[in-house]
Amino acid sequence: KQALNIVKMKQMKANGTPISMITAYDYPSAKLSEEAGVDMILVGDSLGNVVLGYNSTIPVTLDDMVYHTRAVARGAEHTFIVADMPFMTYHASLESSLSGIRRLMQEGHAHAVKMEGGAEIAEVVKASVQAGVPVLGHIGLTPQSVNQIGGYRIQGKDPEDARRLMNDAKALEKAGAFAIVLELVTEEVAAAITRELSIPTIGIGAGRFCDGQVLVYHDVLQYASPYRAKRFVKTYADVGSIMREGIAQYVEEVKSKAFPSEEHVFNADEQVLTSLYGG
Ligand code: KIV
Ligand code: NA
């Protein structure tokens, strides 16, 4: 199977073929996502919430991202993998930003990186693209700025906010981003941005008219996640219940001595017994 690339993604937008994206954080989640036929995998810094148990993405480090991206790359060798640049790793200088991106790609084996922000990060987006790095933008609700935004709120509800989102999207396109994630944006504003841009928009809580959709792995599968279900999420399987039941059954069988049973046992022969107990 041929990996999707950013040229094909633009064609998908032009042809009206929706782009499917899901997050993954390790070998099994990446492998299952690839086997299920997802177009793109995001090693999101939502890692902090759903895998590491933090209550925001802010504690996630570049080392965390490199480590998990590398595991994802081993599990999904034929899928286009985007890795998140974590909190404050693309703001201090172009030099330090590029060195972090280099690690995600050379050590993590990501094909592209994602950065949160609009016009204010256009310079680092442009420098990355000039260095040969495909960059996925991310505007709307940007969780790394949650303490500045004051909560996980819907974006694009008032005219000023909508205009800012449109300007940010255009600035990212101009800087060379290959696509833009729109998170928690009103459907009308997301649709307008999608129409206005030549690059694909990938929505999460951004309505029906984006060029693609992305969801968090643990939300799609209801796989033990610390946060409550949000309205924009659709859960397709209740994997968490199945796993919990499986583990509970194992514990129960250990306690009742139903496991291990004869079929799980390795036997020694007579000679061994004699050597232990005999003569
Ligand atoms: O980290 C993440 O999972 C994300 C998606 C929600 C877009 O950034
Ligand atoms: Na993220």
# chains A, B, ... in the order shown; residues from 1 in each chain; ligands from 1
call {"tool": "select_by_dssp", "arguments": {"residues": "range 142-266 of chain A", "states": "helix (DSSP H, G or I)", "output": "VMD selection string"}}
result
chain A and resid 143 to 149 159 to 175 187 to 196 217 to 221 239 to 256 262 to 264
call {"tool": "write_last_selection", "arguments": {"atoms": "C-alpha atoms", "output": "JSON list (two decimals), in the first residue's frame"}}
result
[["chain", "number", "residue", "atom", "x", "y", "z"],
["A", 143, "PRO", "CA", -5.37, 23.31, 23.73],
["A", 144, "GLN", "CA", -1.78, 24.43, 24.37],
["A", 145, "SER", "CA", -3.22, 27.95, 24.96],
["A", 146, "VAL", "CA", -6.05, 26.76, 27.20],
["A", 147, "ASN", "CA", -4.90, 28.94, 30.09],
["A", 148, "GLN", "CA", -4.97, 31.98, 27.82],
["A", 149, "ILE", "CA", -8.31, 31.10, 26.18],
["A", 159, "PRO", "CA", -17.72, 38.31, 13.81],
["A", 160, "GLU", "CA", -14.33, 39.44, 15.10],
["A", 161, "ASP", "CA", -13.38, 35.90, 16.07],
["A", 162, "ALA", "CA", -14.56, 34.55, 12.70],
["A", 163, "ARG", "CA", -12.51, 37.12, 10.79],
["A", 164, "ARG", "CA", -9.44, 36.31, 12.88],
["A", 165, "LEU", "CA", -9.84, 32.59, 12.14],
["A", 166, "MET", "CA", -10.16, 33.28, 8.41],
["A", 167, "ASN", "CA", -7.07, 35.52, 8.46],
["A", 168, "ASP", "CA", -5.12, 32.91, 10.41],
["A", 169, "ALA", "CA", -6.10, 30.17, 7.97],
["A", 170, "LYS", "CA", -4.98, 32.31, 5.03],
["A", 171, "ALA", "CA", -1.71, 33.21, 6.76],
["A", 172, "LEU", "CA", -0.97, 29.51, 7.32],
["A", 173, "GLU", "CA", -1.78, 28.64, 3.72],
["A", 174, "LYS", "CA", 0.47, 31.46, 2.53],
["A", 175, "ALA", "CA", 3.26, 30.25, 4.85],
["A", 187, "GLU", "CA", -19.82, 24.87, 11.24],
["A", 188, "GLU", "CA", -20.48, 28.02, 9.18],
["A", 189, "VAL", "CA", -17.04, 29.52, 9.82],
["A", 190, "ALA", "CA", -15.30, 26.18, 9.17],
["A", 191, "ALA", "CA", -17.23, 25.85, 5.89],
["A", 192, "ALA", "CA", -16.25, 29.38, 4.83],
["A", 193, "ILE", "CA", -12.56, 28.71, 5.58],
["A", 194, "THR", "CA", -12.76, 25.38, 3.72],
["A", 195, "ARG", "CA", -14.20, 27.13, 0.64],
["A", 196, "GLU", "CA", -11.65, 29.92, 0.77],
["A", 217, "TYR", "CA", -8.34, 7.28, 19.23],
["A", 218, "HIS", "CA", -9.58, 6.89, 22.79],
["A", 219, "ASP", "CA", -12.79, 8.79, 21.96],
["A", 220, "VAL", "CA", -13.54, 6.69, 18.87],
["A", 221, "LEU", "CA", -13.13, 3.50, 20.88],
["A", 239, "VAL", "CA", -13.46, -1.17, 23.82],
["A", 240, "GLY", "CA", -12.95, -0.02, 27.40],
["A", 241, "SER", "CA", -15.79, -2.21, 28.74],
["A", 242, "ILE", "CA", -14.55, -5.25, 26.84],
["A", 243, "MET", "CA", -11.03, -4.75, 28.18],
["A", 244, "ARG", "CA", -12.18, -4.22, 31.76],
["A", 245, "GLU", "CA", -14.34, -7.34, 31.57],
["A", 246, "GLY", "CA", -11.44, -9.35, 30.17],
["A", 247, "ILE", "CA", -9.10, -8.25, 32.95],
["A", 248, "ALA", "CA", -11.75, -8.85, 35.62],
["A", 249, "GLN", "CA", -12.31, -12.37, 34.30],
["A", 250, "TYR", "CA", -8.58, -13.06, 34.43],
["A", 251, "VAL", "CA", -8.39, -11.84, 38.03],
["A", 252, "GLU", "CA", -11.41, -13.95, 38.93],
["A", 253, "GLU", "CA", -9.89, -17.11, 37.39],
["A", 254, "VAL", "CA", -6.58, -16.59, 39.19],
["A", 255, "LYS", "CA", -8.48, -16.29, 42.47],
["A", 256, "SER", "CA", -10.67, -19.33, 41.75],
["A", 262, "GLU", "CA", -4.15, -28.32, 32.21],
["A", 263, "GLU", "CA", -3.86, -26.96, 28.67],
["A", 264, "HIS", "CA", -1.58, -24.11, 29.81]]
call {"tool": "residues_around", "arguments": {"residues": "Pro28 in chain A", "least_positions_apart": "5", "cutoff": "9 Å", "atoms": "only C-alpha atoms", "output": "list in words"}}
result
Ser33, Ala71, Val72 and Gly75 of chain A
call {"tool": "closest_atom_pairs", "arguments": {"of": "chain A", "to": "ligand 2", "cutoff": "9 Å", "atoms": "only C-alpha atoms and all ligand atoms", "output": "Markdown table"}}
result
| residue | atom | partner | partner_atom_place_in_ligand_line | distance |
| --- | --- | --- | --- | --- |
| A:Leu42 | CA | ligand 2 | 1 (Na) | 8.4 |
| A:Val43 | CA | ligand 2 | 1 (Na) | 8.0 |
| A:Gly44 | CA | ligand 2 | 1 (Na) | 4.4 |
| A:Asp45 | CA | ligand 2 | 1 (Na) | 4.4 |
| A:Ser46 | CA | ligand 2 | 1 (Na) | 5.3 |
| A:Leu47 | CA | ligand 2 | 1 (Na) | 8.1 |
| A:Thr57 | CA | ligand 2 | 1 (Na) | 7.3 |
| A:Ala83 | CA | ligand 2 | 1 (Na) | 8.7 |
| A:Asp84 | CA | ligand 2 | 1 (Na) | 5.8 |
| A:Met85 | CA | ligand 2 | 1 (Na) | 8.1 |
| A:Pro86 | CA | ligand 2 | 1 (Na) | 7.7 |
| A:Lys114 | CA | ligand 2 | 1 (Na) | 7.8 |
| A:Met115 | CA | ligand 2 | 1 (Na) | 8.1 |
| A:Glu116 | CA | ligand 2 | 1 (Na) | 7.7 |
| A:His138 | CA | ligand 2 | 1 (Na) | 8.3 |
| A:Thr142 | CA | ligand 2 | 1 (Na) | 7.7 |
| A:Pro143 | CA | ligand 2 | 1 (Na) | 6.9 |
| A:Gln144 | CA | ligand 2 | 1 (Na) | 7.7 |
call {"tool": "write_last_selection", "arguments": {"atoms": "N, CA and C atoms", "output": "PDB file, in the first residue's frame"}}
result
ATOM      1  N   LEU A  42      -2.268  11.005  13.413  1.00  0.00           N
ATOM      2  CA  LEU A  42      -1.700  12.122  14.173  1.00  0.00           C
ATOM      3  C   LEU A  42      -1.197  11.598  15.512  1.00  0.00           C
ATOM      4  N   VAL A  43       0.087  11.761  15.760  1.00  0.00           N
ATOM      5  CA  VAL A  43       0.596  11.514  17.107  1.00  0.00           C
ATOM      6  C   VAL A  43       0.372  12.826  17.839  1.00  0.00           C
ATOM      7  N   GLY A  44      -0.807  12.937  18.428  1.00  0.00           N
ATOM      8  CA  GLY A  44      -1.228  14.197  19.043  1.00  0.00           C
ATOM      9  C   GLY A  44      -0.616  14.344  20.428  1.00  0.00           C
ATOM     10  N   ASP A  45      -0.478  15.599  20.835  1.00  0.00           N
ATOM     11  CA  ASP A  45      -0.031  15.797  22.219  1.00  0.00           C
ATOM     12  C   ASP A  45      -1.208  15.583  23.182  1.00  0.00           C
ATOM     13  N   SER A  46      -2.374  15.228  22.638  1.00  0.00           N
ATOM     14  CA  SER A  46      -3.465  14.697  23.464  1.00  0.00           C
ATOM     15  C   SER A  46      -2.968  13.440  24.178  1.00  0.00           C
ATOM     16  N   LEU A  47      -1.834  12.922  23.732  1.00  0.00           N
ATOM     17  CA  LEU A  47      -1.039  11.941  24.465  1.00  0.00           C
ATOM     18  C   LEU A  47      -1.049  12.250  25.967  1.00  0.00           C
ATOM     19  N   THR A  57      -2.499  19.344  27.750  1.00  0.00           N
ATOM     20  CA  THR A  57      -1.379  18.929  26.897  1.00  0.00           C
ATOM     21  C   THR A  57      -0.089  19.659  27.268  1.00  0.00           C
ATOM     22  N   ALA A  83       3.271  14.426  13.582  1.00  0.00           N
ATOM     23  CA  ALA A  83       3.532  14.501  15.028  1.00  0.00           C
ATOM     24  C   ALA A  83       3.339  15.938  15.517  1.00  0.00           C
ATOM     25  N   ASP A  84       2.731  16.071  16.670  1.00  0.00           N
ATOM     26  CA  ASP A  84       2.539  17.401  17.260  1.00  0.00           C
ATOM     27  C   ASP A  84       3.841  17.949  17.818  1.00  0.00           C
ATOM     28  N   MET A  85       4.103  19.225  17.549  1.00  0.00           N
ATOM     29  CA  MET A  85       5.150  19.932  18.281  1.00  0.00           C
ATOM     30  C   MET A  85       4.520  20.332  19.613  1.00  0.00           C
ATOM     31  N   PRO A  86       5.129  19.926  20.743  1.00  0.00           N
ATOM     32  CA  PRO A  86       4.488  20.222  22.028  1.00  0.00           C
ATOM     33  C   PRO A  86       4.641  21.680  22.488  1.00  0.00           C
ATOM     34  N   LYS A 114       2.756  19.107  13.268  1.00  0.00           N
ATOM     35  CA  LYS A 114       1.636  20.031  13.455  1.00  0.00           C
ATOM     36  C   LYS A 114       2.000  21.045  14.526  1.00  0.00           C
ATOM     37  N   MET A 115       1.584  22.284  14.283  1.00  0.00           N
ATOM     38  CA  MET A 115       1.818  23.357  15.256  1.00  0.00           C
ATOM     39  C   MET A 115       0.527  24.133  15.451  1.00  0.00           C
ATOM     40  N   GLU A 116       0.257  24.529  16.685  1.00  0.00           N
ATOM     41  CA  GLU A 116      -0.948  25.306  16.987  1.00  0.00           C
ATOM     42  C   GLU A 116      -0.673  26.799  16.802  1.00  0.00           C
ATOM     43  N   HIS A 138      -3.055  24.338  12.831  1.00  0.00           N
ATOM     44  CA  HIS A 138      -4.091  23.991  13.818  1.00  0.00           C
ATOM     45  C   HIS A 138      -4.586  25.283  14.437  1.00  0.00           C
ATOM     46  N   THR A 142      -7.133  25.864  20.513  1.00  0.00           N
ATOM     47  CA  THR A 142      -5.765  25.350  20.525  1.00  0.00           C
ATOM     48  C   THR A 142      -5.411  25.003  21.970  1.00  0.00           C
ATOM     49  N   PRO A 143      -5.463  23.704  22.313  1.00  0.00           N
ATOM     50  CA  PRO A 143      -5.365  23.308  23.727  1.00  0.00           C
ATOM     51  C   PRO A 143      -4.091  23.754  24.451  1.00  0.00           C
ATOM     52  N   GLN A 144      -3.002  23.977  23.702  1.00  0.00           N
ATOM     53  CA  GLN A 144      -1.782  24.433  24.374  1.00  0.00           C
ATOM     54  C   GLN A 144      -1.952  25.842  24.948  1.00  0.00           C
TER      55      GLN A 144
END
call {"tool": "closest_residue", "arguments": {"among": "A:Val66, A:Ile22, A:Ala131, A:Val185", "to": "Arg208 in chain A", "atoms": "only C-alpha atoms"}}
result
A:Val185
call {"tool": "atom_distance", "arguments": {"atom1": "CA of Ala73 in chain A", "atom2": "CA of His109 in chain A"}}
result
6.1 Å
call {"tool": "select_by_dssp", "arguments": {"residues": "range 63-250 of chain A", "states": "strand (DSSP E or B)", "output": "PDB file with C-alpha atoms, in the first residue's frame"}}
result
ATOM      1  CA  PHE A  80       1.381   9.250   6.622  1.00  0.00           C
ATOM      2  CA  ILE A  81       2.278  10.237  10.183  1.00  0.00           C
ATOM      3  CA  VAL A  82       2.022  13.747  11.604  1.00  0.00           C
ATOM      4  CA  ALA A  83       3.532  14.501  15.028  1.00  0.00           C
ATOM      5  CA  ASP A  84       2.539  17.401  17.260  1.00  0.00           C
ATOM      6  CA  ALA A 112       5.138  15.970   8.994  1.00  0.00           C
ATOM      7  CA  VAL A 113       4.596  18.102  12.083  1.00  0.00           C
ATOM      8  CA  LYS A 114       1.636  20.031  13.455  1.00  0.00           C
ATOM      9  CA  GLY A 117      -1.505  28.930  16.038  1.00  0.00           C
ATOM     10  CA  VAL A 135       3.454  21.443   8.254  1.00  0.00           C
ATOM     11  CA  LEU A 136      -0.121  20.868   9.395  1.00  0.00           C
ATOM     12  CA  GLY A 137      -1.654  24.007  10.893  1.00  0.00           C
ATOM     13  CA  HIS A 138      -4.091  23.991  13.818  1.00  0.00           C
ATOM     14  CA  ILE A 139      -6.424  26.860  14.658  1.00  0.00           C
ATOM     15  CA  GLY A 140      -9.689  27.368  16.528  1.00  0.00           C
ATOM     16  CA  GLN A 155     -14.373  29.372  18.498  1.00  0.00           C
ATOM     17  CA  ALA A 179      -3.533  21.420   5.552  1.00  0.00           C
ATOM     18  CA  ILE A 180      -5.139  22.977   8.629  1.00  0.00           C
ATOM     19  CA  VAL A 181      -6.885  21.397  11.602  1.00  0.00           C
ATOM     20  CA  LEU A 182      -9.957  23.366  12.696  1.00  0.00           C
ATOM     21  CA  GLU A 183     -10.822  22.470  16.281  1.00  0.00           C
ATOM     22  CA  VAL A 185     -15.103  25.942  15.273  1.00  0.00           C
ATOM     23  CA  THR A 201      -9.177  21.559   6.300  1.00  0.00           C
ATOM     24  CA  ILE A 202      -9.372  18.724   8.828  1.00  0.00           C
ATOM     25  CA  GLY A 203     -12.148  19.284  11.345  1.00  0.00           C
ATOM     26  CA  ILE A 204     -12.663  18.169  14.931  1.00  0.00           C
ATOM     27  CA  GLY A 212     -11.488  15.749   6.421  1.00  0.00           C
ATOM     28  CA  GLN A 213     -12.140  14.776  10.026  1.00  0.00           C
ATOM     29  CA  VAL A 214      -9.867  13.872  12.916  1.00  0.00           C
ATOM     30  CA  LEU A 215     -10.797  12.274  16.225  1.00  0.00           C
TER      31      LEU A 215
END
call {"tool": "atom_distance", "arguments": {"atom1": "CA of Ile58 in chain A", "atom2": "CA of Phe87 in chain A"}}
result
5.6 Å
call {"tool": "closest_residue", "arguments": {"among": "A:Met105, A:Val125, A:Ala24, A:Val216", "to": "ligand 1", "atoms": "only C-alpha atoms and all ligand atoms"}}
result
A:Val216
call {"tool": "atom_distance", "arguments": {"atom1": "CA of Asp39 in chain A", "atom2": "CA of Thr79 in chain A"}}
result
6.9 Å
call {"tool": "residues_around", "arguments": {"residues": "Gly37 in chain A", "least_positions_apart": "4", "cutoff": "12 Å", "atoms": "only C-alpha atoms", "output": "PyMOL selection string"}}
result
chain A and resi 1-4+19-22+30-33+41+76+78-80
call {"tool": "decode", "arguments": {"residues": "range 192-235 of chain A", "atoms": "N, CA and C atoms", "output": "CSV table (one decimal), in the first residue's frame"}}
result
chain,number,residue,atom,x,y,z
A,192,ALA,N,-16.8,28.2,5.6
A,192,ALA,CA,-16.3,29.4,4.8
A,192,ALA,C,-14.7,29.3,4.6
A,193,ILE,N,-14.0,28.9,5.7
A,193,ILE,CA,-12.6,28.7,5.6
A,193,ILE,C,-12.2,27.6,4.6
A,194,THR,N,-13.0,26.5,4.6
A,194,THR,CA,-12.8,25.4,3.7
A,194,THR,C,-12.9,25.8,2.3
A,195,ARG,N,-14.0,26.6,2.0
A,195,ARG,CA,-14.2,27.1,0.6
A,195,ARG,C,-13.1,28.1,0.2
A,196,GLU,N,-12.6,28.9,1.1
A,196,GLU,CA,-11.7,29.9,0.8
A,196,GLU,C,-10.2,29.4,0.5
A,197,LEU,N,-9.9,28.2,1.1
A,197,LEU,CA,-8.5,27.7,1.0
A,197,LEU,C,-8.4,26.7,-0.2
A,198,SER,N,-7.2,26.6,-0.7
A,198,SER,CA,-6.9,25.6,-1.7
A,198,SER,C,-6.3,24.3,-1.0
A,199,ILE,N,-5.9,24.5,0.3
A,199,ILE,CA,-5.4,23.3,1.0
A,199,ILE,C,-6.5,22.7,1.9
A,200,PRO,N,-6.5,21.4,2.2
A,200,PRO,CA,-7.6,20.8,3.0
A,200,PRO,C,-7.7,21.3,4.4
A,201,THR,N,-8.9,21.3,4.9
A,201,THR,CA,-9.2,21.6,6.3
A,201,THR,C,-9.6,20.2,6.9
A,202,ILE,N,-9.1,20.0,8.1
A,202,ILE,CA,-9.4,18.7,8.8
A,202,ILE,C,-10.1,19.1,10.1
A,203,GLY,N,-11.4,18.8,10.2
A,203,GLY,CA,-12.1,19.3,11.3
A,203,GLY,C,-12.2,18.3,12.5
A,204,ILE,N,-12.3,18.9,13.7
A,204,ILE,CA,-12.7,18.2,14.9
A,204,ILE,C,-13.6,19.1,15.7
A,205,GLY,N,-14.9,18.7,15.8
A,205,GLY,CA,-15.8,19.6,16.4
A,205,GLY,C,-16.0,20.8,15.5
A,206,ALA,N,-15.8,20.7,14.2
A,206,ALA,CA,-15.9,21.9,13.3
A,206,ALA,C,-16.9,21.6,12.2
A,207,GLY,N,-17.9,20.8,12.4
A,207,GLY,CA,-19.0,20.6,11.5
A,207,GLY,C,-18.8,19.7,10.4
A,208,ARG,N,-19.7,19.7,9.4
A,208,ARG,CA,-19.8,18.7,8.4
A,208,ARG,C,-19.0,19.0,7.1
A,209,PHE,N,-18.6,20.3,7.0
A,209,PHE,CA,-18.1,20.7,5.7
A,209,PHE,C,-16.6,20.9,5.5
A,210,CYS,N,-15.9,20.3,6.4
A,210,CYS,CA,-14.4,20.3,6.3
A,210,CYS,C,-14.0,19.3,5.3
A,211,ASP,N,-12.7,19.4,4.8
A,211,ASP,CA,-12.3,18.4,3.8
A,211,ASP,C,-11.9,17.0,4.4
A,212,GLY,N,-11.8,17.0,5.7
A,212,GLY,CA,-11.5,15.7,6.4
A,212,GLY,C,-11.9,15.9,7.9
A,213,GLN,N,-11.8,14.8,8.6
A,213,GLN,CA,-12.1,14.8,10.0
A,213,GLN,C,-11.0,14.1,10.8
A,214,VAL,N,-10.8,14.5,12.0
A,214,VAL,CA,-9.9,13.9,12.9
A,214,VAL,C,-10.5,13.7,14.3
A,215,LEU,N,-10.3,12.5,14.9
A,215,LEU,CA,-10.8,12.3,16.2
A,215,LEU,C,-9.7,11.6,17.0
A,216,VAL,N,-9.8,11.7,18.3
A,216,VAL,CA,-8.8,11.1,19.2
A,216,VAL,C,-9.2,9.6,19.3
A,217,TYR,N,-8.2,8.7,19.2
A,217,TYR,CA,-8.3,7.3,19.2
A,217,TYR,C,-9.2,6.8,20.4
A,218,HIS,N,-8.9,7.3,21.6
A,218,HIS,CA,-9.6,6.9,22.8
A,218,HIS,C,-11.1,7.3,22.8
A,219,ASP,N,-11.4,8.4,22.1
A,219,ASP,CA,-12.8,8.8,22.0
A,219,ASP,C,-13.6,7.9,21.0
A,220,VAL,N,-12.9,7.6,19.9
A,220,VAL,CA,-13.5,6.7,18.9
A,220,VAL,C,-13.9,5.3,19.5
A,221,LEU,N,-13.0,4.9,20.4
A,221,LEU,CA,-13.1,3.5,20.9
A,221,LEU,C,-13.6,3.4,22.3
A,222,GLN,N,-13.9,4.6,22.9
A,222,GLN,CA,-14.2,4.6,24.4
A,222,GLN,C,-13.2,3.8,25.2
A,223,TYR,N,-12.0,4.1,25.0
A,223,TYR,CA,-10.9,3.4,25.6
A,223,TYR,C,-10.4,4.2,26.7
A,224,ALA,N,-10.6,3.8,28.0
A,224,ALA,CA,-10.3,4.5,29.2
A,224,ALA,C,-9.6,5.9,29.0
A,225,SER,N,-10.4,6.9,29.0
A,225,SER,CA,-9.9,8.3,28.8
A,225,SER,C,-10.4,9.1,30.0
A,226,PRO,N,-9.5,10.0,30.5
A,226,PRO,CA,-9.9,10.7,31.7
A,226,PRO,C,-10.9,11.8,31.6
A,227,TYR,N,-11.2,12.2,30.3
A,227,TYR,CA,-12.2,13.3,30.2
A,227,TYR,C,-13.5,12.8,29.7
A,228,ARG,N,-14.5,13.5,30.0
A,228,ARG,CA,-15.9,13.1,29.7
A,228,ARG,C,-16.2,13.3,28.2
A,229,ALA,N,-17.1,12.5,27.7
A,229,ALA,CA,-17.4,12.6,26.3
A,229,ALA,C,-17.9,14.0,25.9
A,230,LYS,N,-17.5,14.4,24.7
A,230,LYS,CA,-17.9,15.7,24.2
A,230,LYS,C,-18.9,15.5,23.1
A,231,ARG,N,-19.7,16.5,22.8
A,231,ARG,CA,-20.8,16.4,21.9
A,231,ARG,C,-20.3,16.1,20.5
A,232,PHE,N,-19.1,16.7,20.1
A,232,PHE,CA,-18.6,16.5,18.7
A,232,PHE,C,-18.0,15.2,18.5
A,233,VAL,N,-17.8,14.4,19.5
A,233,VAL,CA,-17.2,13.1,19.4
A,233,VAL,C,-18.3,12.0,19.1
A,234,LYS,N,-17.9,11.1,18.2
A,234,LYS,CA,-18.8,9.9,18.1
A,234,LYS,C,-18.0,8.7,18.4
A,235,THR,N,-18.5,7.9,19.3
A,235,THR,CA,-17.9,6.7,19.8
A,235,THR,C,-18.4,5.5,19.0
